[in-house]
Structures are given as C-alpha cells and as structure tokens.
Number of protein chains: 2
Amino acid sequence: MATNKPRRVTMKDVARHAGVSQTTVSFVLNGRPGATIPDETRQRILAAIDELGYRPNAGARALAAKRSDWYGLITEIVTAPFAADVIKGAQNRAWRDRKFLLIAASESDPAQEAAALDQMLEHRVEGLLYATTWHRAVTVPKAAREVPTVLVNCYDEEGELPCVVPDEVTGGYCATRRLLDAGHTRIGFINLDPVIPAAIGRREGYERALREAGITPDPSLVIPGYATADGGYTAACELLDRTGADRPTALFCGNDRMAMGAYDAIKERGLRIPHDVAVVGFDNQELIAAYLRPKLTTLALPFEAMGTTGVDMLAALAAGQPLDTHRVTLDCPLLERSSV
Amino acid sequence: MATNKPRRVTMKDVARHAGVSQTTVSFVLNGRPGATIPDETRQRILAAIDELGYRPNAGARALAAKRSDWYGLITEIVTAPFAADVIKGAQNRAWRDRKFLLIAASESDPAQEAAALDQMLEHRVEGLLYATTWHRAVTVPKAAREVPTVLVNCYDEEGELPCVVPDEVTGGYCATRRLLDAGHTRIGFINLDPVIPAAIGRREGYERALREAGITPDPSLVIPGYATADGGYTAACELLDRTGADRPTALFCGNDRMAMGAYDAIKERGLRIPHDVAVVGFDNQELIAAYLRPKLTTLALPFEAMGTTGVDMLAALAAGQPLDTHRVTLDCPLLERSSV
DNA sequence: GCGCTTTACTAAAGCGCATTAATGAGAAGC
DNA sequence: GCTTCTCATTAATGCGCTTTAGTAAAGCGC
C-alpha cells in the first residue's frame, strides 16, 4: 500500500509563500554573512516557515554543502555502563557543536565492526571515535584511515592514531597516596592482570607513592587476581592471612568488584572497615561502591571526559588543525566515601 | 586552512571506469529487479568499484530515493543500564533491516528533548522510538506526531500512540508463584511507590497468585518503600519484626536494590536466606543480583526485547501496515539464582 | 525479409538544498 | 543628468544519487 506521502514542505514552498526566492530563504536560514537582508523580509520568511511547518532536510543540506555534520562513534558494547558514559560525553559535546553522533556497537565482532564502519563512511562522517570498554591496545580497521580518527580508552601499537586514555599511573598514585595519608604503611595491592596497561600503570603509581613516602615497595604485597568478586576475595584472603606486622592494614583493589570480594574476606575475619583494614577500589561502579557497607572509596575512570575530549580532538582534526597532544591522558578522580 | 579535499569517488567515476552509464552502476548496486544485467558487465562494474574504492553516498541516496533509512530513538538517559539494553535491542533489529538508529538522550530536559526531536525530523527519520527508564505515562512532544511513533516502556495517557511495555501483572504473578511453589504462604511484598504502574500491576499479580493458591491476600503484608537499599531495609525490618506466625517467610521486593537492603535486615536478625526467609527481587541488576550472597533470584525487565519489538512495530507502521496490537506487553523472565 | 519481443543499456529529470554570479533599484557623487 | 556604488534579491548550477522513459541491437517465428 503506497500510502501516498503528503510531500514535505520544501524551501521552495516557503519562498513562494513569502514572495521571495529560494535563495533568500536559504540566506535567512543560514545567516549568510555578506548577504544583507532587511528585517522586514526576514520576518516575512520566518513567518512563512512557521505557518507551513517547514523543516530543513538535513540530508539535502549535507549534499549541497558537502558537510555531513556527522561524527561516528564505534564502541565495543553499548550495554556496558562505561560505554554509556563515553556516549554521553561525546553526545553532549557533539550536539554543542551542532554535530550528530552516529553510534554503533561492534559487539566485539569484527564483521559487525566492519559493517558499522562502512555504514559510517557511507554517511560521510567527518570523523571517527573508536572506544573500548577497557584500556588496551587495539587494531583499528584500515578503512578508518579514510577519515580523522581518535581512539578513546585505547591506543594502537604503532602510535599512529591520536588517543585519549586514563592516566593509570596517577590513578595508582592517588589511591596509594590516599592510604598513606591515612597513616597506612603496609598497603596490599590486589592488581588486575599484570600485562594490561591499567595494571602496569597503576603499579608504577603505587610504587612511586610508596617511595615518595620513604617506603620501599614490598613485591609480596602486590598480587594479581581475577577481575571478579571471587578473584578479589581470594587475593584478599591471601594477604589478610599473613601474620602480625606482615599483614597489610590497607588494600588497594584493581576494581570495585574485587573490592567487593575483599570486603567479604575482611568481614569474615572479624576485621572492621576502615578501622582495621582500609580499602580503595577502582572504577566507581555506582551499584557497588555506593551500596557496599561501608561505602567504598574508589577512583573513577574518566569515561565521560574521554568522550568529550575525544570529540574535541576530532573537531580540531576535522578542521585541519594539528593536535598539540597526540596522546591525551585524563585524571581518574578519587571519590571519597567511607572505606578509608 | 582549506585542506583541499580530494573529492570523493562518485558513481559517475565508477561508470566511466567500467565503460557503462551511471544508471547501470546504480542498477547493479541496488539489484534492480526487472533490469537484466549480464554477469560480465556486473563483474566489470564491481571491479571498478573495488579499484576506485567507491563508497555510495548515503545522503545522496536518501535524497534521491526519498527514504532516509533512519529511525530515531529518544531515551531519557543514555547512562542508565536500562537504556543501554533498549538501545542494544533496537540497534540490532534496525541494522538487520538495514535501517540506522539516530540516538539521542533527552536527559530529562524538555528543551533538549525538543531539540533532539527537531534534529531527528530534519534527518527525516521514518519512525520514532520514545523510551523511558521506568514504566510510566508520558507526554510526548507534539512534533512526534509528524512521523510514526512507538512508545517503549511508557504510554501516553490518551492511549493514542502504540506502545510496548513490560507485563507487570504477570511479573508480580510469577514472582509470587515462585515463592508459593517453594512452600511459602505468608509472603511479604515490599512494593514500589504505589501509584506507579509497576507497583499497581505487580500487586495485582501478587494477589491473583495468592488467591489462585487459596490464600486471601493480607494487606498488612504489603508495604511500600523507597526504591533504595535503605528503603528496602526499613520495610524489611517492619515485616520481619512481627512475631510468630505473623512474620512472613518470604519477601518479594520491588527492585534489586531494595532486596539488597532486605538482605541486610534478614542477616542482622540472624536469619538465613533462603532457609528462614526467601527473597525475590526485580530488575535483574547484574551487579547486585549476581554478587549478593546468596545470589538473588529476580525478575528481569525485558528492555532489550522492548527495543527489538519497538523497531518491529515501527517497521510495520512505516510500511503502512496496521498494528495488530496497539499495546504490546512483554513478559518479565524469572532468573533463578539462590535466594528461594 | 518482416514484425515482434526480449535483452542490455542509457539520457535525462529531479530529490532539496547551498552557492555563485549576476541583476535591478535606488542612493550618492559630480 | 549621468555614472558609480551599495543594497536586496534572484536565476541558475550542481551536490551524488534514483528512477522513468525510453532506444538500439539481437533473437525469433514464419
């Protein structure tokens, strides 16, 4: 059933209704500099637009102006709260610049990712944001080179593409520093998988903070664990079952889920948080951090800020400006709650 | 600095390179039925496309074909995990139909919402999905009437717009039924704010399940609470502090956060889950439900399914087909864990 | 060889807009 | 009264594509 479409109002209709040419309408709409339009005419045109309910056709405009006003955002998994924050940040900044975000989830499937990328390029995106849920090296599909691209929360091995990533070192430093400031000197560090950037960077920050405080890092206090509550539980048990002065009085956990497990281990032993053992987490997962008892002091990854910064970098690149920093790092803010 | 753009390859370039007309290239690309194109020619054209790295221009295509292939999705808050699931479902289904999703967050700000809607209409979306994070009545901006619109997880008071919502009644029924099947006869119901659809529907289901089991619902067992862990804790205390046979042996909680609070109240009293008190939650918030001890049996809201169904309804509407159901309800699946 | 159909292809119009070059009207200058 | 200039406006072109209305050539039956 071809439901005879009512044919949308076009600029020409507006022009006729206002008794001017289509060009004049276009000038009014785009605030053409160099074209002087008396207020009387402008009002007449605006009135016509209003009366007819005219809406510019973004596609036609893009075609004629050779600007799409689109940015593409490819993210691994839409569902992850992390990804959502990146989207939020990017979206807000993009709309501010009157750009639109074309969002696609790759769902970690290369085929789907390639398809998404194709679609974006066919929509003539003026730039591409490529975001991951966890900080790591990625291989970006070649097609992405056709357009300015910024990596968010990841980087390419070759270092060819600009990126914006969290400052893991400073994150580890801040967490440790917070515990040192609270008087702790034996600080256990339940780290993530030691080969990933987060684990490497945070450990570096952890050790730096200790050295600055005149403490020689004790490698036996750093143990890796699976990034789950169980993993945190197991690792915490190992640290807490040491005897006497050997036992840490504070734990810095690789993420909030691990901190959740650590809480269990601590409580099981009749120890109190933060009196006997202080805990700092990482990730600031609201549902965990804010609802654990006591509430968890943790560091947040700057997802939203990475989203906005990514768009800013893209805007610069798309405008042909050189970036002053090829690799931007953003701080991980410390969120004070009650576990230290 | 106008970095002289290299001018993209167009269909005309492909045509020239393959020694055919632009029309023929178009026919090949669109698999025109009725046009017969010998394989030899088709291959020549495909080769040319490949060699030149041609990509169709989606905007131009939309303009000429008068189809945008866009659907718009307006959601309250991108950040909420709920919204992410709707996006995921809608996105997947849309891509399957070779449609694209233009996603915007209204962030509960009417001005931003209106702006987003304008942008969508200017991009000539062929349909609109309007989604909320919690099931309720909404007032949709008038402009949405310009295009087929489906409400997701919400409805309009007038009942004019088609919608897809969770079946709260069946949800409440299933939860209660599960507890009845486990042998419980005094089931406390810590409900959400009694005026919202979720609370009303679930209570109806709760009472129906009881009656079916030959139990007369005891209104004193139903108490509303704030939708937080604290709210759940307070309500649970009230129920659990009743004496003897008056005390419920099972709790059905309005959401997982409230269940989390209820857990605390139960454990505080030295009662065990599920032996002394069984608990069923709602929402299936992974971070809570899967990590509570014992893991929480809960119902999931069908966000992803609502997303896909919404797109399906939109597709039907956009094709001019009548919907067989104006108001689609989707079941809330029960997720068995260990709290019953 | 004739008319007819089928096959393989194309010219041209136009989608709704931005943009360039141009034009007519009036004001200013002499 | 004439030119020159500014102001307000527009005709016309084309962005890259789809689609309609064709046409030239080949194939076929008789």
# chains A, B, ... in the order shown; residues from 1 in each chain; ligands from 1
call {"tool": "select_by_dssp", "arguments": {"residues": "segment 83-149 of chain A", "states": "helix (DSSP H, G or I)", "output": "MDAnalysis selection string"}}
result
chainID A and resid 83:96 110:122 142:146
call {"tool": "residues_around", "arguments": {"residues": "DC2 of chain C", "least_positions_apart": "2", "cutoff": "12 Å", "atoms": "only C-alpha atoms (C1' of nucleotides)", "output": "list in words"}}
result
DC4 of chain C; DC28, DG29 and DC30 of chain D
call {"tool": "select_by_dssp", "arguments": {"residues": "segment 46-242 of chain B", "states": "strand (DSSP E or B)", "output": "MDAnalysis selection string"}}
result
chainID B and resid 70:75 100:105 128:138 149:156 163:166 187:191 222:224
call {"tool": "write_last_selection", "arguments": {"atoms": "N, CA and C atoms", "output": "short mmCIF file (atom, residue, chain, number, x, y, z; two decimals), in the first residue's frame"}}
result
data_model
loop_
_atom_site.label_atom_id
_atom_site.label_comp_id
_atom_site.auth_asym_id
_atom_site.auth_seq_id
_atom_site.Cartn_x
_atom_site.Cartn_y
_atom_site.Cartn_z
N TRP B 70 16.46 5.95 8.31
CA TRP B 70 16.73 6.29 9.70
C TRP B 70 15.51 6.01 10.58
N TYR B 71 15.80 5.50 11.75
CA TYR B 71 14.81 5.55 12.82
C TYR B 71 15.42 6.39 13.93
N GLY B 72 14.60 7.11 14.63
CA GLY B 72 15.11 7.89 15.75
C GLY B 72 14.78 7.20 17.06
N LEU B 73 15.69 7.28 18.01
CA LEU B 73 15.43 6.74 19.34
C LEU B 73 15.73 7.81 20.36
N ILE B 74 14.69 8.24 21.05
CA ILE B 74 14.89 9.22 22.11
C ILE B 74 14.77 8.51 23.43
N THR B 75 15.80 8.62 24.23
CA THR B 75 15.79 7.93 25.50
C THR B 75 16.16 8.93 26.59
N PHE B 100 19.12 2.64 10.21
CA PHE B 100 20.08 3.16 11.16
C PHE B 100 19.35 3.83 12.29
N LEU B 101 19.96 3.77 13.43
CA LEU B 101 19.35 4.37 14.60
C LEU B 101 20.04 5.68 14.91
N LEU B 102 19.24 6.71 14.98
CA LEU B 102 19.76 8.00 15.40
C LEU B 102 19.36 8.13 16.86
N ILE B 103 20.35 8.10 17.73
CA ILE B 103 20.07 8.03 19.15
C ILE B 103 20.29 9.38 19.82
N ALA B 104 19.38 9.76 20.66
CA ALA B 104 19.59 11.00 21.41
C ALA B 104 19.11 10.84 22.83
N ALA B 105 19.83 11.45 23.72
CA ALA B 105 19.43 11.44 25.12
C ALA B 105 18.71 12.73 25.43
N LEU B 128 9.89 6.85 15.00
CA LEU B 128 10.47 7.35 16.24
C LEU B 128 10.16 6.39 17.37
N LEU B 129 11.20 6.11 18.14
CA LEU B 129 11.04 5.31 19.36
C LEU B 129 11.27 6.25 20.53
N TYR B 130 10.34 6.20 21.47
CA TYR B 130 10.47 7.09 22.62
C TYR B 130 10.51 6.21 23.87
N ALA B 131 11.67 6.16 24.51
CA ALA B 131 11.85 5.20 25.60
C ALA B 131 12.14 5.88 26.94
N THR B 132 11.62 5.29 27.99
CA THR B 132 11.87 5.80 29.34
C THR B 132 12.59 4.75 30.17
N THR B 133 13.16 5.18 31.25
CA THR B 133 13.88 4.22 32.11
C THR B 133 12.94 3.50 33.06
N TRP B 134 11.85 4.16 33.40
CA TRP B 134 10.88 3.41 34.22
C TRP B 134 9.48 3.55 33.65
N HIS B 135 8.77 2.49 33.77
CA HIS B 135 7.44 2.35 33.21
C HIS B 135 6.47 3.39 33.76
N ARG B 136 5.99 4.24 32.89
CA ARG B 136 5.07 5.28 33.36
C ARG B 136 4.38 5.98 32.19
N ALA B 137 3.46 6.87 32.52
CA ALA B 137 2.80 7.65 31.49
C ALA B 137 3.67 8.84 31.11
N VAL B 138 3.68 9.18 29.84
CA VAL B 138 4.47 10.32 29.40
C VAL B 138 3.65 11.22 28.49
N THR B 149 5.29 6.78 15.56
CA THR B 149 5.98 6.78 16.84
C THR B 149 5.52 5.60 17.69
N VAL B 150 6.48 4.96 18.33
CA VAL B 150 6.17 3.88 19.25
C VAL B 150 6.79 4.20 20.61
N LEU B 151 6.00 4.05 21.65
CA LEU B 151 6.50 4.30 22.99
C LEU B 151 7.06 3.01 23.57
N VAL B 152 8.19 3.13 24.22
CA VAL B 152 8.86 1.96 24.78
C VAL B 152 8.99 2.12 26.29
N ASN B 153 8.40 1.20 27.01
CA ASN B 153 8.44 1.24 28.47
C ASN B 153 7.64 2.42 29.02
N CYS B 154 6.75 2.94 28.22
CA CYS B 154 5.90 4.02 28.69
C CYS B 154 4.65 4.08 27.81
N TYR B 155 3.72 4.93 28.15
CA TYR B 155 2.49 5.05 27.36
C TYR B 155 1.96 6.46 27.52
N ASP B 156 1.10 6.87 26.61
CA ASP B 156 0.51 8.20 26.76
C ASP B 156 -0.87 8.05 27.38
N CYS B 163 2.38 1.30 22.00
CA CYS B 163 3.46 1.19 22.97
C CYS B 163 3.81 -0.26 23.24
N VAL B 164 5.00 -0.46 23.75
CA VAL B 164 5.42 -1.77 24.20
C VAL B 164 5.93 -1.62 25.62
N VAL B 165 5.31 -2.37 26.52
CA VAL B 165 5.61 -2.22 27.95
C VAL B 165 5.75 -3.60 28.60
N PRO B 166 6.40 -3.62 29.76
CA PRO B 166 6.52 -4.90 30.46
C PRO B 166 5.18 -5.31 31.05
N ILE B 187 3.71 -14.26 52.40
CA ILE B 187 4.70 -13.61 51.53
C ILE B 187 4.59 -12.10 51.66
N GLY B 188 5.64 -11.51 52.21
CA GLY B 188 5.67 -10.05 52.32
C GLY B 188 5.99 -9.43 50.97
N PHE B 189 5.40 -8.30 50.69
CA PHE B 189 5.63 -7.63 49.41
C PHE B 189 6.08 -6.20 49.68
N ILE B 190 7.35 -5.96 49.47
CA ILE B 190 7.89 -4.61 49.63
C ILE B 190 7.75 -3.93 48.28
N ASN B 191 6.72 -3.13 48.17
CA ASN B 191 6.34 -2.60 46.86
C ASN B 191 7.01 -1.25 46.59
N VAL B 222 1.73 -6.07 52.64
CA VAL B 222 2.21 -5.25 51.52
C VAL B 222 2.58 -3.87 52.03
N ILE B 223 3.85 -3.55 51.98
CA ILE B 223 4.22 -2.20 52.39
C ILE B 223 5.13 -1.55 51.36
N PRO B 224 4.85 -0.29 51.09
CA PRO B 224 5.65 0.43 50.11
C PRO B 224 6.96 0.89 50.75
#
call {"tool": "closest_atom_pairs", "arguments": {"of": "chain A", "to": "chain D", "cutoff": "9 Å", "atoms": "only C-alpha atoms (C1' of nucleotides)", "output": "JSON lines"}}
result
{"residue": "A:Val20", "atom": "CA", "partner": "D:DT9", "partner_atom": "C1'", "distance": 8.1}
{"residue": "A:Ser21", "atom": "CA", "partner": "D:DT10", "partner_atom": "C1'", "distance": 6.2}
{"residue": "A:Gln22", "atom": "CA", "partner": "D:DT10", "partner_atom": "C1'", "distance": 8.4}
{"residue": "A:Thr23", "atom": "CA", "partner": "D:DT10", "partner_atom": "C1'", "distance": 7.0}
{"residue": "A:Thr24", "atom": "CA", "partner": "D:DT9", "partner_atom": "C1'", "distance": 7.1}
{"residue": "A:Ala35", "atom": "CA", "partner": "D:DA8", "partner_atom": "C1'", "distance": 8.5}
{"residue": "A:Thr36", "atom": "CA", "partner": "D:DA8", "partner_atom": "C1'", "distance": 7.0}
{"residue": "A:Ile37", "atom": "CA", "partner": "D:DA8", "partner_atom": "C1'", "distance": 6.7}
{"residue": "A:Pro38", "atom": "CA", "partner": "D:DA8", "partner_atom": "C1'", "distance": 8.0}
{"residue": "A:Ala60", "atom": "CA", "partner": "D:DC15", "partner_atom": "C1'", "distance": 8.7}
{"residue": "A:Ala62", "atom": "CA", "partner": "D:DC15", "partner_atom": "C1'", "distance": 8.7}
{"residue": "A:Leu63", "atom": "CA", "partner": "D:DC15", "partner_atom": "C1'", "distance": 5.2}
{"residue": "A:Ala64", "atom": "CA", "partner": "D:DC15", "partner_atom": "C1'", "distance": 4.6}
{"residue": "A:Ala65", "atom": "CA", "partner": "D:DC15", "partner_atom": "C1'", "distance": 7.5}
{"residue": "A:Lys66", "atom": "CA", "partner": "D:DC15", "partner_atom": "C1'", "distance": 7.2}
call {"tool": "write_last_selection", "arguments": {"atoms": "N, CA and C atoms", "output": "short mmCIF file (atom, residue, chain, number, x, y, z; two decimals), in the first residue's frame"}}
result
data_model
loop_
_atom_site.label_atom_id
_atom_site.label_comp_id
_atom_site.auth_asym_id
_atom_site.auth_seq_id
_atom_site.Cartn_x
_atom_site.Cartn_y
_atom_site.Cartn_z
N VAL A 20 9.42 35.49 -1.99
CA VAL A 20 10.85 35.73 -2.27
C VAL A 20 11.40 34.53 -3.02
N SER A 21 12.68 34.58 -3.30
CA SER A 21 13.28 33.43 -3.98
C SER A 21 13.78 32.43 -2.95
N GLN A 22 14.01 31.23 -3.43
CA GLN A 22 14.51 30.18 -2.57
C GLN A 22 15.85 30.58 -1.98
N THR A 23 16.65 31.24 -2.79
CA THR A 23 17.97 31.66 -2.33
C THR A 23 17.86 32.52 -1.07
N THR A 24 16.93 33.44 -1.11
CA THR A 24 16.78 34.33 0.04
C THR A 24 16.42 33.55 1.29
N ALA A 35 25.55 38.73 3.03
CA ALA A 35 24.24 38.99 2.43
C ALA A 35 23.45 39.84 3.41
N THR A 36 22.97 40.94 2.95
CA THR A 36 22.20 41.80 3.86
C THR A 36 20.73 41.58 3.57
N ILE A 37 20.02 41.29 4.61
CA ILE A 37 18.59 41.05 4.46
C ILE A 37 17.83 41.92 5.45
N PRO A 38 16.99 42.78 4.95
CA PRO A 38 16.28 43.69 5.84
C PRO A 38 15.36 42.91 6.76
N ALA A 60 19.64 16.71 2.32
CA ALA A 60 19.82 17.56 1.15
C ALA A 60 20.84 18.65 1.45
N ALA A 62 23.26 18.50 3.55
CA ALA A 62 24.59 17.90 3.60
C ALA A 62 25.13 17.70 2.19
N LEU A 63 24.26 17.26 1.32
CA LEU A 63 24.69 17.01 -0.06
C LEU A 63 25.16 18.28 -0.73
N ALA A 64 24.37 19.29 -0.59
CA ALA A 64 24.70 20.55 -1.26
C ALA A 64 25.90 21.23 -0.62
N ALA A 65 25.98 21.15 0.69
CA ALA A 65 27.03 21.89 1.38
C ALA A 65 28.31 21.06 1.50
N LYS A 66 28.22 19.80 1.19
CA LYS A 66 29.37 18.91 1.32
C LYS A 66 29.91 18.84 2.74
#
call {"tool": "closest_atom_pairs", "arguments": {"of": "chain B", "to": "chain A", "cutoff": "7 Å", "atoms": "only C-alpha atoms", "output": "tab-separated table"}}
result
residue	atom	partner	partner_atom	distance
B:Met1	CA	A:Gly320	CA	6.6
B:Thr3	CA	A:Gly320	CA	6.7
B:Arg55	CA	A:Glu122	CA	5.9
B:Pro56	CA	A:Glu122	CA	5.7
B:Asn57	CA	A:Glu122	CA	5.1
B:Ala58	CA	A:His123	CA	5.0
B:Gly59	CA	A:Gly59	CA	5.1
B:Ala60	CA	A:Leu63	CA	6.2
B:Leu63	CA	A:Ala60	CA	6.1
B:Val78	CA	A:Ala84	CA	5.9
B:Thr79	CA	A:Ala84	CA	4.9
B:Pro81	CA	A:Pro81	CA	5.9
B:Ala84	CA	A:Thr79	CA	4.8
B:Asp85	CA	A:Thr79	CA	5.8
B:Lys88	CA	A:Val78	CA	6.3
B:Leu102	CA	A:Leu102	CA	6.5
B:Glu122	CA	A:Asn57	CA	5.1
B:His123	CA	A:Ala58	CA	5.0
B:Arg124	CA	A:Asn57	CA	6.9
B:Leu287	CA	A:Leu287	CA	6.5
B:Ile288	CA	A:Leu287	CA	7.0
B:Gly320	CA	A:Thr3	CA	6.5
call {"tool": "atom_distance", "arguments": {"atom1": "atom CA of Arg42 of chain A", "atom2": "atom C1' of DG14 of chain C"}}
result
28.6 Å
call {"tool": "atom_distance", "arguments": {"atom1": "atom CA of Arg247 of chain A", "atom2": "atom CA of Pro294 of chain B"}}
result
28.8 Å
call {"tool": "interface_residues", "arguments": {"of": "chain C", "to": "chain B", "cutoff": "12 Å", "atoms": "only C-alpha atoms (C1' of nucleotides)", "output": "count of residues only"}}
result
12
call {"tool": "atom_distance", "arguments": {"atom1": "atom CA of Val125 of chain B", "atom2": "atom CA of Gly159 of chain B"}}
result
22.7 Å
call {"tool": "residues_around", "arguments": {"residues": "Ile45 of chain B", "least_positions_apart": "4", "cutoff": "7 Å", "atoms": "only C-alpha atoms (C1' of nucleotides)", "output": "short mmCIF file (atom, residue, chain, number, x, y, z; two decimals) with C-alpha atoms, in the first residue's frame"}}
result
data_model
loop_
_atom_site.label_atom_id
_atom_site.label_comp_id
_atom_site.auth_asym_id
_atom_site.auth_seq_id
_atom_site.Cartn_x
_atom_site.Cartn_y
_atom_site.Cartn_z
CA ALA B 18 33.70 0.48 -16.24
CA VAL B 25 26.00 1.12 -11.94
CA THR B 41 29.00 -6.38 -17.05
CA ILE B 49 34.04 -0.10 -7.60
#
